[in-house]
$ cat data.txt   # compact mmCIF, C-alpha atoms and all ligand atoms
# COMPACT_ATOMS: atom_id res chain seq x y z
CA MET A 279 -63.44 -44.74 9.71
CA THR A 280 -63.84 -47.93 11.70
CA LYS A 281 -66.77 -48.09 14.11
CA GLU A 282 -67.56 -50.69 16.67
CA ARG A 283 -70.71 -52.35 17.99
CA ASN A 284 -71.36 -55.47 20.12
CA ASN A 285 -67.64 -55.82 20.67
CA HIS A 286 -67.31 -56.33 16.88
CA LEU A 287 -65.42 -54.23 14.40
CA PHE A 288 -67.71 -52.54 11.89
CA PHE A 289 -66.17 -51.47 8.61
CA GLY A 290 -68.14 -49.57 5.99
CA GLY A 291 -71.18 -50.19 8.17
CA VAL A 292 -70.73 -53.97 8.03
CA ASP A 293 -69.90 -56.33 10.88
CA ALA A 294 -66.46 -57.80 10.20
CA VAL A 295 -67.39 -60.97 12.08
CA GLU A 296 -70.30 -61.56 9.70
CA LEU A 297 -68.06 -60.91 6.70
CA ALA A 298 -65.60 -63.53 7.95
CA GLU A 299 -68.44 -66.03 8.32
CA LYS A 300 -69.91 -65.29 4.89
CA TYR A 301 -66.75 -64.97 2.79
CA GLY A 302 -64.16 -66.80 4.89
CA THR A 303 -60.71 -65.60 5.88
CA PRO A 304 -58.22 -64.26 5.05
CA LEU A 305 -60.19 -61.47 3.40
CA TYR A 306 -59.38 -58.01 2.10
CA ILE A 307 -62.28 -55.62 2.80
CA THR A 308 -62.48 -52.19 1.14
CA ASP A 309 -64.73 -49.35 2.25
CA GLU A 310 -66.07 -47.58 -0.84
CA ASN A 311 -66.87 -44.32 0.95
CA ASN A 312 -63.39 -44.07 2.39
CA LEU A 313 -61.92 -44.57 -1.09
CA ARG A 314 -64.19 -41.96 -2.66
CA ASN A 315 -63.44 -39.47 0.12
CA ASN A 316 -59.70 -39.93 -0.22
CA PHE A 317 -59.94 -39.17 -3.91
CA LYS A 318 -62.28 -36.22 -3.41
CA ASN A 319 -59.90 -34.76 -0.80
CA TYR A 320 -57.15 -34.75 -3.40
CA LYS A 321 -59.34 -33.18 -6.04
CA ASN A 322 -60.59 -30.48 -3.70
CA ALA A 323 -57.11 -29.74 -2.38
CA PHE A 324 -55.80 -29.02 -5.85
CA GLU A 325 -58.86 -27.13 -7.06
CA THR A 326 -57.96 -24.08 -5.01
CA THR A 327 -56.13 -22.31 -7.85
CA ASN A 328 -56.47 -21.92 -11.60
CA ILE A 329 -53.88 -24.60 -12.20
CA ASP A 330 -55.46 -27.40 -14.17
CA THR A 331 -54.60 -30.52 -12.16
CA ASP A 332 -55.16 -34.16 -13.11
CA ILE A 333 -54.85 -36.99 -10.64
CA TYR A 334 -53.48 -40.15 -12.16
CA TYR A 335 -54.08 -42.88 -9.60
CA ALA A 336 -51.06 -45.25 -9.34
CA VAL A 337 -52.62 -48.58 -10.26
CA LYS A 338 -49.73 -50.57 -8.76
CA ALA A 339 -51.01 -49.69 -5.29
CA ASN A 340 -54.21 -51.66 -5.85
CA GLY A 341 -55.41 -52.89 -9.22
CA ASN A 342 -58.79 -54.27 -8.25
CA LEU A 343 -61.23 -53.46 -11.05
CA ALA A 344 -64.07 -52.41 -8.76
CA LEU A 345 -61.78 -49.90 -7.07
CA LEU A 346 -60.58 -48.64 -10.45
CA LYS A 347 -64.20 -48.22 -11.59
CA ILE A 348 -64.96 -46.19 -8.47
CA LEU A 349 -61.93 -43.98 -9.05
CA ALA A 350 -62.76 -43.63 -12.75
CA SER A 351 -66.24 -42.45 -11.76
CA GLU A 352 -64.60 -39.79 -9.56
CA GLY A 353 -62.55 -38.56 -12.53
CA ALA A 354 -59.22 -40.28 -11.93
CA GLY A 355 -56.63 -40.82 -14.61
CA ALA A 356 -54.01 -43.53 -14.16
CA ASP A 357 -50.30 -44.15 -13.82
CA VAL A 358 -49.68 -47.63 -15.23
CA PHE A 359 -46.44 -49.55 -15.10
CA SER A 360 -47.19 -52.48 -17.40
CA ALA A 361 -49.42 -53.64 -20.22
CA GLY A 362 -51.44 -55.52 -17.60
CA GLU A 363 -52.14 -52.37 -15.57
CA LEU A 364 -52.97 -50.56 -18.81
CA GLU A 365 -55.56 -53.23 -19.65
CA LEU A 366 -57.12 -52.89 -16.19
CA THR A 367 -57.50 -49.13 -16.60
CA LYS A 368 -59.08 -49.60 -20.02
CA LEU A 369 -61.57 -52.09 -18.55
CA ALA A 370 -62.34 -49.57 -15.81
CA GLY A 371 -63.13 -46.96 -18.44
CA ILE A 372 -60.30 -44.52 -17.72
CA PRO A 373 -59.78 -42.47 -20.90
CA ALA A 374 -56.49 -42.93 -22.79
CA GLU A 375 -55.68 -39.22 -22.65
CA LYS A 376 -55.53 -39.50 -18.85
CA ILE A 377 -53.14 -42.44 -18.75
CA LEU A 378 -49.35 -42.33 -18.44
CA PHE A 379 -47.39 -45.51 -19.19
CA ASN A 380 -44.43 -45.50 -16.79
CA GLY A 381 -41.51 -47.85 -16.32
CA ASN A 382 -37.77 -48.13 -16.50
CA SER A 383 -37.68 -51.32 -18.55
CA LYS A 384 -40.31 -51.48 -21.28
CA SER A 385 -40.19 -54.12 -23.98
CA ASP A 386 -41.04 -53.45 -27.63
CA ASP A 387 -44.39 -55.12 -26.94
CA ASP A 388 -45.04 -52.71 -24.05
CA LEU A 389 -44.19 -49.73 -26.25
CA LYS A 390 -46.38 -51.06 -29.06
CA GLU A 391 -49.28 -51.55 -26.68
CA ALA A 392 -48.85 -48.00 -25.36
CA VAL A 393 -48.74 -46.45 -28.83
CA GLU A 394 -51.69 -48.46 -30.11
CA SER A 395 -53.70 -47.53 -27.01
CA GLY A 396 -53.02 -43.84 -27.58
CA VAL A 397 -51.64 -43.23 -24.09
CA ARG A 398 -48.66 -41.08 -23.20
CA VAL A 399 -45.36 -42.70 -22.34
CA SER A 400 -42.92 -41.61 -19.65
CA VAL A 401 -39.53 -42.28 -21.18
CA ASP A 402 -36.86 -43.46 -18.75
CA SER A 403 -33.74 -43.70 -20.93
CA VAL A 404 -32.30 -42.67 -24.30
CA ASP A 405 -32.46 -46.30 -25.35
CA GLU A 406 -36.17 -46.34 -24.72
CA LEU A 407 -36.65 -43.01 -26.47
CA GLN A 408 -35.09 -44.37 -29.65
CA ALA A 409 -36.99 -47.65 -29.44
CA LEU A 410 -40.28 -45.83 -28.91
CA SER A 411 -39.66 -43.60 -31.89
CA ALA A 412 -38.97 -46.67 -34.03
CA VAL A 413 -42.05 -48.53 -32.77
CA ALA A 414 -44.34 -45.51 -33.34
CA ASN A 415 -42.82 -44.98 -36.77
CA GLU A 416 -43.48 -48.58 -37.72
CA LEU A 417 -47.10 -48.27 -36.57
CA GLY A 418 -47.50 -44.98 -38.45
CA ARG A 419 -48.59 -43.29 -35.22
CA GLU A 420 -47.37 -40.42 -33.08
CA VAL A 421 -46.95 -40.68 -29.34
CA GLU A 422 -46.75 -37.97 -26.72
CA ILE A 423 -44.00 -38.47 -24.20
CA ALA A 424 -42.80 -37.23 -20.86
CA ILE A 425 -39.17 -37.43 -19.85
CA ARG A 426 -38.75 -39.18 -16.51
CA VAL A 427 -36.37 -37.01 -14.55
CA ASN A 428 -34.15 -38.18 -11.74
CA PRO A 429 -34.26 -35.02 -9.63
CA ASP A 430 -31.72 -36.20 -7.06
CA VAL A 431 -33.75 -35.43 -3.97
CA SER A 432 -33.64 -37.52 -0.87
CA PRO A 433 -36.82 -38.17 1.11
CA GLU A 434 -36.49 -39.76 4.54
CA VAL A 435 -38.14 -43.06 3.72
CA HIS A 436 -37.19 -46.73 3.61
CA PRO A 437 -34.31 -47.01 1.06
CA LYS A 438 -36.31 -49.51 -1.02
CA ILE A 439 -38.95 -46.87 -1.75
CA ALA A 440 -36.78 -43.79 -2.38
CA THR A 441 -36.92 -43.50 -6.15
CA GLY A 442 -35.45 -40.08 -6.95
CA LEU A 443 -31.97 -40.46 -5.50
CA LYS A 444 -28.99 -39.93 -7.76
CA GLU A 445 -28.13 -43.62 -7.44
CA SER A 446 -31.69 -44.83 -8.09
CA LYS A 447 -32.47 -46.86 -11.23
CA PHE A 448 -35.28 -44.48 -12.23
CA GLY A 449 -35.15 -41.53 -14.57
CA ILE A 450 -32.67 -39.58 -16.62
CA PRO A 451 -29.96 -37.83 -14.60
CA PHE A 452 -30.99 -34.25 -13.91
CA HIS A 453 -28.17 -32.70 -15.95
CA ASP A 454 -28.88 -34.86 -19.01
CA VAL A 455 -32.56 -34.00 -19.25
CA ILE A 456 -32.29 -31.00 -21.59
CA PRO A 457 -30.09 -32.82 -24.16
CA VAL A 458 -32.53 -35.76 -24.05
CA CYS A 459 -35.46 -33.37 -24.67
CA GLU A 460 -33.54 -31.99 -27.63
CA GLU A 461 -32.93 -35.46 -28.95
CA ALA A 462 -36.66 -36.23 -28.59
CA GLU A 463 -37.50 -33.15 -30.62
CA LYS A 464 -35.36 -34.48 -33.46
CA LEU A 465 -36.72 -38.01 -33.50
CA PRO A 466 -39.73 -38.88 -35.65
CA ASN A 467 -43.15 -39.82 -34.22
CA VAL A 468 -42.38 -38.85 -30.59
CA LEU A 469 -43.76 -35.55 -29.33
CA LEU A 470 -42.27 -34.04 -26.19
CA ALA A 471 -45.20 -33.12 -23.93
CA GLY A 472 -44.10 -33.36 -20.33
CA LEU A 473 -41.54 -33.76 -17.59
CA HIS A 474 -42.13 -36.40 -14.95
CA CYS A 475 -40.60 -37.35 -11.63
CA HIS A 476 -41.48 -39.50 -8.65
CA ILE A 477 -39.24 -39.17 -5.62
CA GLY A 478 -40.40 -41.94 -3.34
CA SER A 479 -43.24 -43.33 -1.31
CA GLN A 480 -44.68 -43.00 2.22
CA ILE A 481 -43.21 -39.50 2.50
CA LEU A 482 -44.27 -37.79 5.71
CA ASP A 483 -41.87 -34.84 5.64
CA ILE A 484 -43.30 -33.11 2.59
CA THR A 485 -40.66 -30.40 2.24
CA VAL A 486 -38.96 -32.68 -0.31
CA PHE A 487 -41.96 -32.20 -2.60
CA GLY A 488 -41.23 -28.47 -2.54
CA GLU A 489 -37.60 -29.21 -3.39
CA ALA A 490 -38.57 -31.54 -6.24
CA THR A 491 -41.07 -29.01 -7.62
CA GLU A 492 -38.37 -26.28 -7.59
CA LYS A 493 -36.03 -28.56 -9.50
CA MET A 494 -38.64 -29.62 -12.02
CA MET A 495 -39.75 -26.03 -12.63
CA ALA A 496 -36.11 -24.99 -13.15
CA LEU A 497 -35.99 -27.63 -15.88
CA VAL A 498 -39.24 -26.32 -17.37
CA GLU A 499 -37.60 -22.91 -17.65
CA ARG A 500 -34.61 -24.38 -19.45
CA VAL A 501 -36.88 -26.29 -21.84
CA TYR A 502 -38.62 -23.06 -22.80
CA GLU A 503 -35.27 -21.21 -23.09
CA ARG A 504 -34.38 -23.75 -25.78
CA ASP A 505 -37.60 -23.01 -27.67
CA MET A 506 -39.25 -26.27 -26.73
CA GLN A 507 -42.72 -26.45 -25.20
CA LEU A 508 -44.54 -28.67 -22.75
CA LYS A 509 -48.12 -29.52 -21.92
CA PHE A 510 -47.70 -30.91 -18.41
CA VAL A 511 -45.45 -31.55 -15.46
CA ASP A 512 -46.06 -34.74 -13.49
CA LEU A 513 -44.72 -34.66 -9.94
CA GLY A 514 -45.51 -38.31 -9.19
CA GLY A 515 -47.02 -39.75 -6.05
CA GLY A 516 -45.49 -40.48 -2.69
CA LEU A 517 -47.59 -38.72 -0.07
CA GLY A 518 -47.46 -40.84 3.08
CA ILE A 519 -50.29 -41.83 5.40
CA GLY A 520 -50.41 -42.26 9.16
CA TYR A 521 -50.07 -45.99 9.76
CA ARG A 522 -49.58 -45.65 13.50
CA GLN A 523 -52.52 -44.50 15.53
CA GLU A 524 -50.49 -41.59 16.89
CA GLU A 525 -49.47 -40.52 13.35
CA LYS A 526 -53.04 -40.30 12.08
CA ALA A 527 -53.66 -36.74 13.25
CA THR A 528 -50.29 -35.38 12.15
CA ALA A 529 -49.72 -37.14 8.79
CA PRO A 530 -49.64 -34.65 5.91
CA THR A 531 -52.85 -34.28 3.90
CA PRO A 532 -53.39 -33.62 0.19
CA LYS A 533 -54.12 -30.03 1.23
CA ASP A 534 -50.66 -29.76 2.85
CA LEU A 535 -49.17 -31.20 -0.32
CA ALA A 536 -51.08 -28.71 -2.49
CA GLU A 537 -49.83 -25.84 -0.32
CA MET A 538 -46.26 -27.07 -0.76
CA ILE A 539 -46.41 -27.57 -4.52
CA LEU A 540 -48.87 -25.10 -6.01
CA PRO A 541 -47.17 -21.78 -5.15
CA VAL A 542 -43.86 -22.96 -6.65
CA PHE A 543 -45.60 -24.31 -9.73
CA GLU A 544 -47.80 -21.27 -10.17
CA ASN A 545 -45.00 -18.71 -9.69
CA LYS A 546 -42.85 -20.28 -12.34
CA ILE A 547 -45.54 -20.59 -14.99
CA ARG A 548 -46.63 -17.01 -14.32
CA GLU A 549 -43.02 -15.83 -14.59
CA LEU A 550 -42.60 -17.68 -17.88
CA GLY A 551 -46.02 -16.64 -19.14
CA ILE A 552 -46.95 -20.20 -20.07
CA SER A 553 -49.77 -22.55 -19.21
CA LEU A 554 -49.04 -26.07 -17.99
CA LYS A 555 -51.12 -28.84 -16.57
CA LEU A 556 -50.07 -30.32 -13.24
CA VAL A 557 -50.29 -34.09 -12.91
CA LEU A 558 -49.98 -36.10 -9.68
CA GLU A 559 -49.77 -39.86 -9.28
CA PRO A 560 -50.89 -40.78 -5.77
CA GLY A 561 -51.39 -44.41 -4.93
CA ARG A 562 -51.10 -45.05 -1.20
CA SER A 563 -52.82 -41.83 -0.12
CA ILE A 564 -55.87 -42.78 -2.21
CA VAL A 565 -56.29 -46.46 -1.31
CA GLY A 566 -54.16 -47.04 1.79
CA THR A 567 -56.73 -46.36 4.49
CA SER A 568 -59.65 -47.82 2.52
CA THR A 569 -58.94 -51.46 3.27
CA ILE A 570 -58.38 -53.95 6.07
CA LEU A 571 -57.05 -57.49 5.92
CA LEU A 572 -59.18 -59.74 8.09
CA SER A 573 -57.65 -62.98 9.32
CA ARG A 574 -58.53 -65.83 11.67
CA VAL A 575 -56.33 -66.90 14.59
CA ASN A 576 -55.15 -70.48 14.13
CA ALA A 577 -53.06 -70.72 17.28
CA VAL A 578 -51.92 -68.79 20.32
CA LYS A 579 -48.59 -69.96 21.63
CA ARG A 580 -46.85 -68.92 24.81
CA ALA A 581 -43.16 -69.37 24.06
CA ASN A 582 -40.24 -66.95 24.10
CA LYS A 583 -42.94 -64.47 23.09
CA ASN A 584 -46.69 -64.71 23.05
CA PHE A 585 -47.34 -65.59 19.42
CA VAL A 586 -50.66 -65.15 17.67
CA ALA A 587 -50.56 -67.21 14.47
CA ILE A 588 -53.09 -65.98 11.91
CA ASP A 589 -54.18 -67.40 8.55
CA ALA A 590 -52.61 -64.53 6.53
CA GLY A 591 -48.89 -64.43 5.90
CA PHE A 592 -46.48 -62.34 3.91
CA ASN A 593 -47.80 -63.93 0.73
CA LEU A 594 -50.85 -61.67 1.27
CA LEU A 595 -49.27 -58.64 2.94
CA ILE A 596 -45.54 -58.32 2.40
CA ARG A 597 -45.10 -54.76 3.68
CA PRO A 598 -44.13 -55.59 7.29
CA VAL A 599 -41.52 -58.11 6.13
CA MET A 600 -40.19 -56.19 3.14
CA TYR A 601 -40.01 -52.68 4.59
CA GLY A 602 -40.38 -53.25 8.32
CA ALA A 603 -43.71 -51.47 7.84
CA TYR A 604 -46.05 -50.91 10.76
CA HIS A 605 -49.78 -51.67 10.50
CA GLU A 606 -52.19 -51.36 13.41
CA VAL A 607 -53.94 -54.61 14.34
CA VAL A 608 -57.20 -55.06 16.19
CA VAL A 609 -58.98 -58.15 17.44
CA ALA A 610 -62.12 -57.72 15.36
CA ASN A 611 -64.43 -59.70 17.66
CA LYS A 612 -63.12 -58.07 20.87
CA VAL A 613 -62.84 -54.41 20.01
CA ASN A 614 -64.15 -53.18 23.36
CA GLU A 615 -61.99 -55.46 25.48
CA ARG A 616 -59.05 -54.03 27.33
CA ALA A 617 -55.63 -54.55 25.73
CA SER A 618 -54.06 -56.64 28.47
CA GLU A 619 -51.31 -58.77 26.94
CA LEU A 620 -48.31 -58.32 24.72
CA TYR A 621 -48.46 -60.38 21.51
CA THR A 622 -46.50 -60.79 18.32
CA VAL A 623 -48.77 -61.53 15.39
CA VAL A 624 -47.21 -63.94 12.90
CA GLY A 625 -48.37 -65.34 9.57
CA ASN A 626 -48.67 -68.87 8.23
CA VAL A 627 -45.68 -68.76 5.86
CA CYS A 628 -42.75 -71.09 6.47
CA GLU A 629 -40.22 -68.36 7.22
CA ALA A 630 -39.13 -67.04 10.60
CA GLY A 631 -39.36 -63.50 9.23
CA ASP A 632 -43.10 -63.83 8.58
CA ILE A 633 -44.02 -61.37 11.31
CA MET A 634 -47.02 -59.13 10.69
CA ALA A 635 -47.01 -57.08 13.91
CA LYS A 636 -44.41 -57.18 16.67
CA ASP A 637 -45.04 -56.65 20.39
CA ARG A 638 -48.59 -55.32 20.41
CA MET A 639 -50.86 -54.92 23.39
CA LEU A 640 -54.12 -56.73 22.56
CA PRO A 641 -57.06 -58.16 24.48
CA LYS A 642 -56.56 -61.81 25.48
CA VAL A 643 -56.47 -63.67 22.14
CA GLU A 644 -57.75 -67.22 21.56
CA ARG A 645 -57.85 -69.63 18.64
CA GLY A 646 -60.78 -68.68 16.39
CA ASP A 647 -60.59 -64.94 17.12
CA LEU A 648 -60.38 -62.53 14.20
CA VAL A 649 -57.44 -60.19 13.71
CA ALA A 650 -57.84 -57.21 11.38
CA ILE A 651 -54.72 -55.58 9.98
CA LEU A 652 -55.55 -51.97 9.19
CA ASP A 653 -54.65 -49.64 6.32
CA THR A 654 -53.77 -52.40 3.89
CA GLY A 655 -55.35 -50.94 0.74
CA ALA A 656 -52.04 -49.91 -0.80
CA TYR A 657 -49.47 -52.51 -1.84
CA GLY A 658 -51.37 -55.25 -0.02
CA PHE A 659 -53.21 -57.53 -2.41
CA SER A 660 -51.28 -56.04 -5.35
CA MET A 661 -48.01 -57.47 -3.96
CA SER A 662 -49.49 -60.82 -3.00
CA SER A 663 -48.21 -64.18 -4.19
CA GLN A 664 -49.00 -67.86 -3.96
CA TYR A 665 -45.85 -68.63 -1.95
CA ASN A 666 -46.10 -71.78 0.14
CA GLY A 667 -48.82 -73.11 -2.13
CA ARG A 668 -51.44 -70.72 -0.79
CA PRO A 669 -54.15 -69.51 -3.14
CA ARG A 670 -54.69 -65.75 -2.91
CA CYS A 671 -57.60 -64.60 -0.77
CA ALA A 672 -60.93 -62.98 -1.69
CA GLU A 673 -61.70 -59.26 -1.71
CA VAL A 674 -64.96 -57.66 -0.66
CA LEU A 675 -66.28 -54.12 -1.14
CA VAL A 676 -68.43 -52.66 1.62
CA CYS A 677 -70.59 -49.59 1.37
CA ASP A 678 -73.23 -48.21 3.74
CA GLY A 679 -73.86 -51.56 5.38
CA LYS A 680 -73.78 -53.69 2.21
CA ALA A 681 -71.08 -56.05 1.00
CA ASP A 682 -70.15 -57.30 -2.48
CA LEU A 683 -67.54 -59.81 -3.50
CA ILE A 684 -65.04 -58.09 -5.81
CA ARG A 685 -62.55 -60.92 -6.21
CA SER A 686 -63.24 -64.53 -5.50
CA ARG A 687 -60.88 -66.62 -3.45
CA GLU A 688 -58.38 -68.57 -5.51
CA THR A 689 -58.47 -72.34 -5.24
CA ILE A 690 -55.84 -75.08 -5.33
CA GLU A 691 -56.75 -75.36 -9.03
CA ASP A 692 -55.33 -71.87 -9.53
CA LEU A 693 -51.95 -73.07 -8.24
CA ILE A 694 -51.85 -75.76 -10.89
CA ARG A 695 -53.59 -73.98 -13.77
CA ASN A 696 -50.56 -72.95 -15.86
CA GLN A 697 -48.21 -75.75 -14.96
CA GLU A 698 -47.26 -78.24 -17.63
CA ILE A 699 -45.75 -81.67 -17.09
CA PRO A 700 -43.36 -82.69 -19.90
CA ALA A 701 -44.46 -85.96 -21.54
CA ARG A 702 -41.32 -87.77 -20.35
CA LEU A 703 -42.36 -87.10 -16.74
CA ILE A 704 -45.82 -88.55 -17.12
CA PHE A 705 -46.06 -92.04 -15.71
N1 LIG A 801 -45.73 -42.92 -9.58
C1 LIG A 801 -44.65 -43.71 -9.75
C2 LIG A 801 -43.84 -43.54 -10.93
C3 LIG A 801 -44.34 -44.68 -8.78
O1 LIG A 801 -43.26 -45.44 -8.96
C4 LIG A 801 -45.17 -44.83 -7.65
C5 LIG A 801 -44.87 -45.85 -6.64
C6 LIG A 801 -46.29 -44.00 -7.52
C7 LIG A 801 -46.54 -43.05 -8.51
C8 LIG A 801 -47.24 -44.09 -6.34
O2 LIG A 801 -46.62 -43.79 -5.15
P1 LIG A 801 -47.46 -43.68 -3.79
O3 LIG A 801 -48.34 -42.46 -3.87
O4 LIG A 801 -48.26 -44.91 -3.66
O5 LIG A 801 -46.42 -43.57 -2.74
N2 LIG A 801 -44.51 -51.24 -2.30
C9 LIG A 801 -44.08 -50.09 -1.54
C10 LIG A 801 -44.28 -48.80 -2.29
C11 LIG A 801 -43.66 -48.81 -3.68
C12 LIG A 801 -43.95 -47.56 -4.45
C13 LIG A 801 -43.56 -47.74 -5.88
N3 LIG A 801 -43.86 -46.62 -6.70
C14 LIG A 801 -44.77 -50.09 -0.18
O6 LIG A 801 -45.57 -50.98 0.09
O7 LIG A 801 -44.50 -49.22 0.66
$ encode --input "data.txt" --output "structure tokens" --more "lines below"
Ligand code: LLP
Amino acid sequence: MTKERNNHLFFGGVDAVELAEKYGTPLYITDENNLRNNFKNYKNAFETTNIDTDIYYAVKANGNLALLKILASEGAGADVFSAGELELTKLAGIPAEKILFNGNSKSDDDLKEAVESGVRVSVDSVDELQALSAVANELGREVEIAIRVNPDVSPEVHPKIATGLKESKFGIPFHDVIPVCEEAEKLPNVLLAGLHCHIGSQILDITVFGEATEKMMALVERVYERDMQLKFVDLGGGLGIGYRQEEKATAPTPKDLAEMILPVFENKIRELGISLKLVLEPGRSIVGTSTILLSRVNAVKRANKNFVAIDAGFNLLIRPVMYGAYHEVVVANKVNERASELYTVVGNVCEAGDIMAKDRMLPKVERGDLVAILDTGAYGFSMSSQYNGRPRCAEVLVCDGKADLIRSRETIEDLIRNQEIPARLIF
């Protein structure tokens, strides 16, 4: 994916050093071909059987409009978690019938927006079910729904990103799902169309997907036993990627995922003599590897450790701090130099925990060098903030040696834009 020339990192056929000079740092850089290939891999992996599969890209992973347009052109649907994400998918041209509005805490305005947009809603509680029915009724519209199931399966991932545990806030407890489906059937203006789950993120041991599919298909059987019908089952996202160099070759692929899910899915629908669409909601495995975060070294300090202080902190990439996540780092202007010293790469945020990469062997680093943090396409920019009074950085799309700006750098003005000073404080 990343190539090197003249001791410089090349990404999408473009010299990272030139990108830093032209657009400044910090800078998120996305490789269009990598993104397209990741999506195509998914599509191809699930096109091996007669099961009609739709891939609803999880917009929360990266909501940049250019990326969404690219994915829309490849045929992606979308998992959206807010009215804002819904608007982005509309702007990207993703059709309403391929959008699922998710979330465990939707306001009446969210529900109204979903119904008016003609998208399906994944219902997370009985409260929401009743509210949605009332909202749709008021608008004189019908809305197709999925029931978000809490399947009680336990992937081996960071506890903050395991979403299908019994104690998790998401979904309707497994044993309550059938009564909730029955309640949905009785309520006006809501049409039961699917069952939905999402068990967690960055899952590398994919046997849990098999377990979740078994559980979901058992529920499908019970739905049909009660004379109810479905159009789709959505098994969520969660496929992990290899963040560490040594994980890259062994990390599960969409093909591995398809081989885990499809036989279980197919057997059950054949046994029941029904037809059902399969929906998946990958985020990370579509965008994760497509992007790097390029930063400039502001200082090298030899102290208790050798610190490399870069111009990107956890306001731009929170994953290392929030989940102890590992991202490879390379010195983008010294890619052919021997890794000779141990460094800890830290950000520019005023918190001791602002550590981007701990104890890494790198070539000798100096002020002014460029550090690229790899595989930052998922939950990178989308989780960024302006903490410490730092405007968010720019984003660039690279493709076959060309670069385009896809988000301009925020300015100090953007920090002030929505702030109001009460009249009594103006002097
Ligand atoms: N569907 C639902 C309902 C989800 O909640 C999520 C992610 C996805 C799909 C996409 O999952 P993926 O394929 O990307 O694993 N910020 C964390 C990850 C949070 C995931 C939240 N839900 C991180 O940086 O690791």
$ residues_near_point --input "data.txt" --point "(-66.8, -63.1, -6.6)" --cutoff "9 Å" --atoms "only C-alpha atoms" --output "short mmCIF file (atom, residue, chain, number, x, y, z; two decimals) with C-alpha atoms, keeping the file's coordinate frame"
data_model
loop_
_atom_site.label_atom_id
_atom_site.label_comp_id
_atom_site.auth_asym_id
_atom_site.auth_seq_id
_atom_site.Cartn_x
_atom_site.Cartn_y
_atom_site.Cartn_z
CA ALA A 672 -60.93 -62.98 -1.69
CA GLU A 673 -61.70 -59.26 -1.71
CA VAL A 674 -64.96 -57.66 -0.66
CA ASP A 682 -70.15 -57.30 -2.48
CA LEU A 683 -67.54 -59.81 -3.50
CA ILE A 684 -65.04 -58.09 -5.81
CA ARG A 685 -62.55 -60.92 -6.21
CA SER A 686 -63.24 -64.53 -5.50
CA ARG A 687 -60.88 -66.62 -3.45
#
$ residues_around --input "data.txt" --residues "Leu313 of chain A" --least-positions-apart "6" --cutoff "7 Å" --atoms "only C-alpha atoms" --output "ChimeraX atom specification"
/A:564-565,568
$ residues_around --input "data.txt" --residues "Lys438 of chain A" --least-positions-apart "3" --cutoff "10 Å" --atoms "all atoms listed in the file" --output "JSON, numbers by chain"
{"A": [435, 441, 446, 478, 479, 600, 601]}
$ closest_residue --input "data.txt" --among "A:Phe543, A:Phe452, A:Tyr301, A:Tyr320" --to "ligand LIG 801 (chain A)" --atoms "all atoms listed in the file"
A:Tyr320
$ closest_atom_pairs --input "data.txt" --of "chain A" --to "ligand LIG 801 (chain A)" --cutoff "7 Å" --atoms "all atoms listed in the file" --output "CSV"
residue,atom,partner,partner_atom,distance
A:Ala336,CA,A:LIG801,C8,5.0
A:Ala339,CA,A:LIG801,O4,5.8
A:Asp357,CA,A:LIG801,N1,6.4
A:Asn380,CA,A:LIG801,C2,6.2
A:Ile439,CA,A:LIG801,C11,5.4
A:His476,CA,A:LIG801,C2,5.2
A:Gly478,CA,A:LIG801,O5,6.3
A:Ser479,CA,A:LIG801,O5,3.5
A:Gln480,CA,A:LIG801,O5,5.3
A:Gly514,CA,A:LIG801,N1,4.6
A:Gly515,CA,A:LIG801,O3,3.7
A:Gly516,CA,A:LIG801,O5,3.2
A:Leu517,CA,A:LIG801,O3,5.4
A:Gly518,CA,A:LIG801,O5,6.5
A:Glu559,CA,A:LIG801,C7,4.6
A:Pro560,CA,A:LIG801,O3,3.6
A:Gly561,CA,A:LIG801,O4,3.4
A:Arg562,CA,A:LIG801,O4,3.8
A:Ser563,CA,A:LIG801,O3,5.9
A:Arg597,CA,A:LIG801,O6,5.2
A:Tyr601,CA,A:LIG801,O7,6.9
A:Ala656,CA,A:LIG801,O6,6.6
A:Tyr657,CA,A:LIG801,O6,4.6
$ atom_distance --input "data.txt" --atom1 "atom CA of Gly591 of chain A" --atom2 "atom CA of Gly566 of chain A"
18.6 Å
$ residues_near_point --input "data.txt" --point "(-60.7, -59.3, 16.2)" --cutoff "9 Å" --atoms "only C-alpha atoms" --output "list in words"
Asn285, His286, Leu287, Ala294, Val295, Leu572, Ser573, Arg574, Val575, Val607, Val608, Val609, Ala610, Asn611, Lys612, Val613, Val643, Asp647, Leu648, Val649 and Ala650 of chain A
$ atom_distance --input "data.txt" --atom1 "atom CA of Ile484 of chain A" --atom2 "atom CA of Pro433 of chain A"
8.4 Å
$ closest_residue --input "data.txt" --among "A:Thr654, A:Thr331, A:Asn284, A:Gln523" --to "Leu571 of chain A" --atoms "all atoms listed in the file"
A:Thr654
$ residues_around --input "data.txt" --residues "Ala356 of chain A" --least-positions-apart "4" --cutoff "6 Å" --atoms "only C-alpha atoms" --output "MDAnalysis selection string"
chainID A and resid 334:336 377
$ residues_around --input "data.txt" --residues "Asn322 of chain A" --least-positions-apart "2" --cutoff "12 Å" --atoms "only C-alpha atoms" --output "JSON, numbers by chain"
{"A": [315, 316, 317, 318, 319, 320, 324, 325, 326, 327, 331, 332, 333, 352, 531, 532, 533, 534, 535, 536]}
$ closest_residue --input "data.txt" --among "A:Phe448, A:Tyr665, A:Tyr604, A:Tyr621" --to "Asn382 of chain A" --atoms "all atoms listed in the file"
A:Phe448
$ atom_distance --input "data.txt" --atom1 "atom CA of Ser385 of chain A" --atom2 "atom CA of Ser400 of chain A"
13.5 Å
